[in-house]
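Working notes for the structure below.
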Amino acid sequence: MAEVEFNGEKFQIDEDGFILDFNSWSKNWVMYVKEQEGIDELNDEHWKVINILQDYYKKNGIAPMVRVLSKLTSFKLKHIYELFPSGPGKGACKMAGLPKPTGCV
């Protein structure tokens with residue numbers, strides 16, 4: 001288990017850089033991952049995806065499959081990849097503080 005610090009806040013992460021405790025998620029975590037992902041600026045569409053991922057995870061205990069995420073956000077999958085270049089599983093789920101998805105997200 002590793003630890004990263006960003007803006008004075010510490011986060012425990014797994015070997016793939018995913019936060020270990022969903023409850024320790026904060027906007028500092030989002031800003032840290034944003035830099036790691038090479039995203040210059042977050043807009044309302046980024047936050048919509050992040051919030052929907054978190055809501056779904058809180059209700060279901062897992063990340064939604066990509067088709068479900070696309071339906072919930074009303075964004076085409078291509079657009080989600082434009083928002084999160086490393087994809088909905090790696091980039092968006094990581095930024096939302098979800099555990100690393102095990103299947104096809």
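In the structure tokens, chains take the letters A, B, ... in the order shown, each chain's residues start at 1, and ligands count up from 1 in the order shown.
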task: Can you check which residues of chain A DSSP gives as alpha helix (DSSP H) on the backbone and send them as a VMD selection string?
output: chain A and resid 27 to 37 44 to 60 66 to 73 77 to 83 87 93 to 96
task: May I have the residues within 12 Å of Tyr56 of chain A as a PyMOL selection string, using only C-alpha atoms and disregarding those fewer than 3 positions away in the same chain?
output: chain A and resi 49-53+59-65+68-69+72-73+93+96+98
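Compared by their closest atoms to Pro99 of chain A, and using only C-alpha atoms, the residues A:Asp14, A:Asp55, A:Asp40, A:Glu82 rank with A:Asp14 nearest.
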task: May I ask which of the residues A:Pro88, A:Trp25, A:Val66, A:Met95 is the closest one to Leu42 of chain A, counting only C-alpha atoms?
output: A:Met95
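Of the residues under consideration (A:Glu37, A:Asp44, A:Ser70, A:Leu77), A:Glu37 shows the shortest atom-to-atom contact distance to Gly91 of chain A when counting only C-alpha atoms.
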- prompt: Could you work out how far atom CA of Gly97 of chain A lies from atom CA of Phe22 of chain A, giving the answer in Å with one decimal?
  reply: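 Computing it gives 5.3 Å between the two atoms.
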